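K.L.:
I am attaching a structure below and will ask some questions about it afterwards.
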Amino acid sequence: MHTDTLTIAGRGLGSRLFLGTAGYPNQQVMLDALEASGSELATVAIRRISLDGYSESLTDVLASRFGGRVGLLPNTAGCLTAREAVLTAQLAREALGVDWIKLEVIGDRELLYPDVEELLRATEELVADGFTVLPYCNDDPVTCRKLADLGAAAVMPLGAFIGSGLGIRNPHAIETICARSPVPVVLDAGIGTASDAALAMELGCAAVLLNTAVSKARDPVRMAAAMRDAVAAGRGAHLAGRMPKRAFAEPSSPQLGLIGT
Amino acid sequence: MNGTIRINGRDEDLAADTVAALLAGRGIVPGTRGVAVALNGAVVPSRHWDQTPLSAGDALEIIRPVQGG
């Protein structure tokens with residue numbers, strides 16, 4: 001089988017599924033789901049350390065299970081301003097030795113919707129500071145183009161609200177973004193089940209980033225494997241090129257030689 | 001030393017004269033994987049912890065990666 005490597009900022013990724021590490025029933029399930037997903041990129045958040053007692057480091061846990069097979073993609077989840085997001089990214093780089101950042105700048109704590117103005121500002125600052133910036137953004141072709149123009153290595157439009165599992169609410173917008181984007185498009189947020197992930201890939205997305213659809217599935221490890229297969233199937237269908245849609249029936253079987261005529 | 005320092009959003013008595021000394025008191029030595037520090041909004045690389053003095057009124061953030069989406 002031919003390889004279909006996704007390249008972002010010069011780094012090749014064999015899997016087009018990026019998986020979040022939050023909200024699993026326990027750490028073992030998280031690790032097993034990550035394994036089953038085949039993902040080579042796992043998102044992590046950056047938070048104040050608890051100074052009350054020792055707890056096992058997430059980076060150590062991931063490194064001991066996966067070694068270098070799974071890279072870390074720190075996020076700036078929860079940041080409300082460009083200033084907060086830039087500092088969080090810089091702390092993530094120092095803590096992890098990773099200059100990739102999933103840039104989230106939120107304008108509304110309930111909707112977790114991006115604040116475009118702050119997002120653009122943070123992207124510009126982090127690109128200038130040498131980061132590989134992957135911004136979580138609106139499903140808006142204009143915003144996506146602006147982010148790419150500022151040097152974002154990929155754009156990550158939302159399919160629906162974070163954690164909603166509502167799927168891709170505006171597939172035409174996602175398809176348009178994919179058709180026009182000079183950088184890879186990663187569908188981020190809103191995926192609820194495997195068919196949503198397949199659709200994202202069929203629409204032309206380069207990859208899918210999801211978390212809750214796996215972590216809150218009844219069987220997260222099995223759902224992780226389903227997502228792996230869905231992303232591969234959707235990607236295959238996109239590359240194969242779907243048949244044209246028709247309004248009426250078109251028989252598949254020959255019309256000549258029908259019995260009884 | 002007099003005064004207070006704000007550590008991860010909480011005011012505490014200033015009882016260490018450098019970033020390294022403060023962190024060592026909490027079991028964090030330079031080279032501890034996955035820990036990073038910002039003093040007054042600027043990252044302090046771990047190799048500079050022992051040369052970075054603390055003063056009353058400083059704000060220190062000490063972070064680590066956690067599970068996230």
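A note on labels: chains of the structure tokens are A, B, ... as shown, every chain counts residues from 1, and ligands are counted from 1 in their shown order.
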Hey, list the chain A side of the contact with chain B: 6 Å cut-off, only C-alpha atoms, answer as a VMD selection string.
P.N.:
chain A and resid 20 to 22 43 to 49 91 94 to 96 211
K.L.:
Per DSSP on the backbone, what are the strand (DSSP E) residues of stretch 122-180 of chain A, as a list in words?
P.N.:
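Result set for stretch 122-180 of chain A (strand (DSSP E)): Thr132, Val133, Leu134, Pro135, Tyr136, Cys137, Met156 and Pro157 of chain A.
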K.L.:
Determine which residues of chain B receive a DSSP assignment of helix (DSSP H, G or I), computed from the backbone, and state them as JSON, numbers by chain.
P.N.:
{"B": [19, 20, 21, 22, 23, 24, 46, 47, 48, 49, 50, 51]}
K.L.:
Calculated over only C-alpha atoms, which of the candidates B:Leu60, B:Ser55, B:Leu39, B:Pro30 has the smallest distance to B:Leu14?
P.N.:
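Of all the options, B:Ser55 lies closest to B:Leu14.
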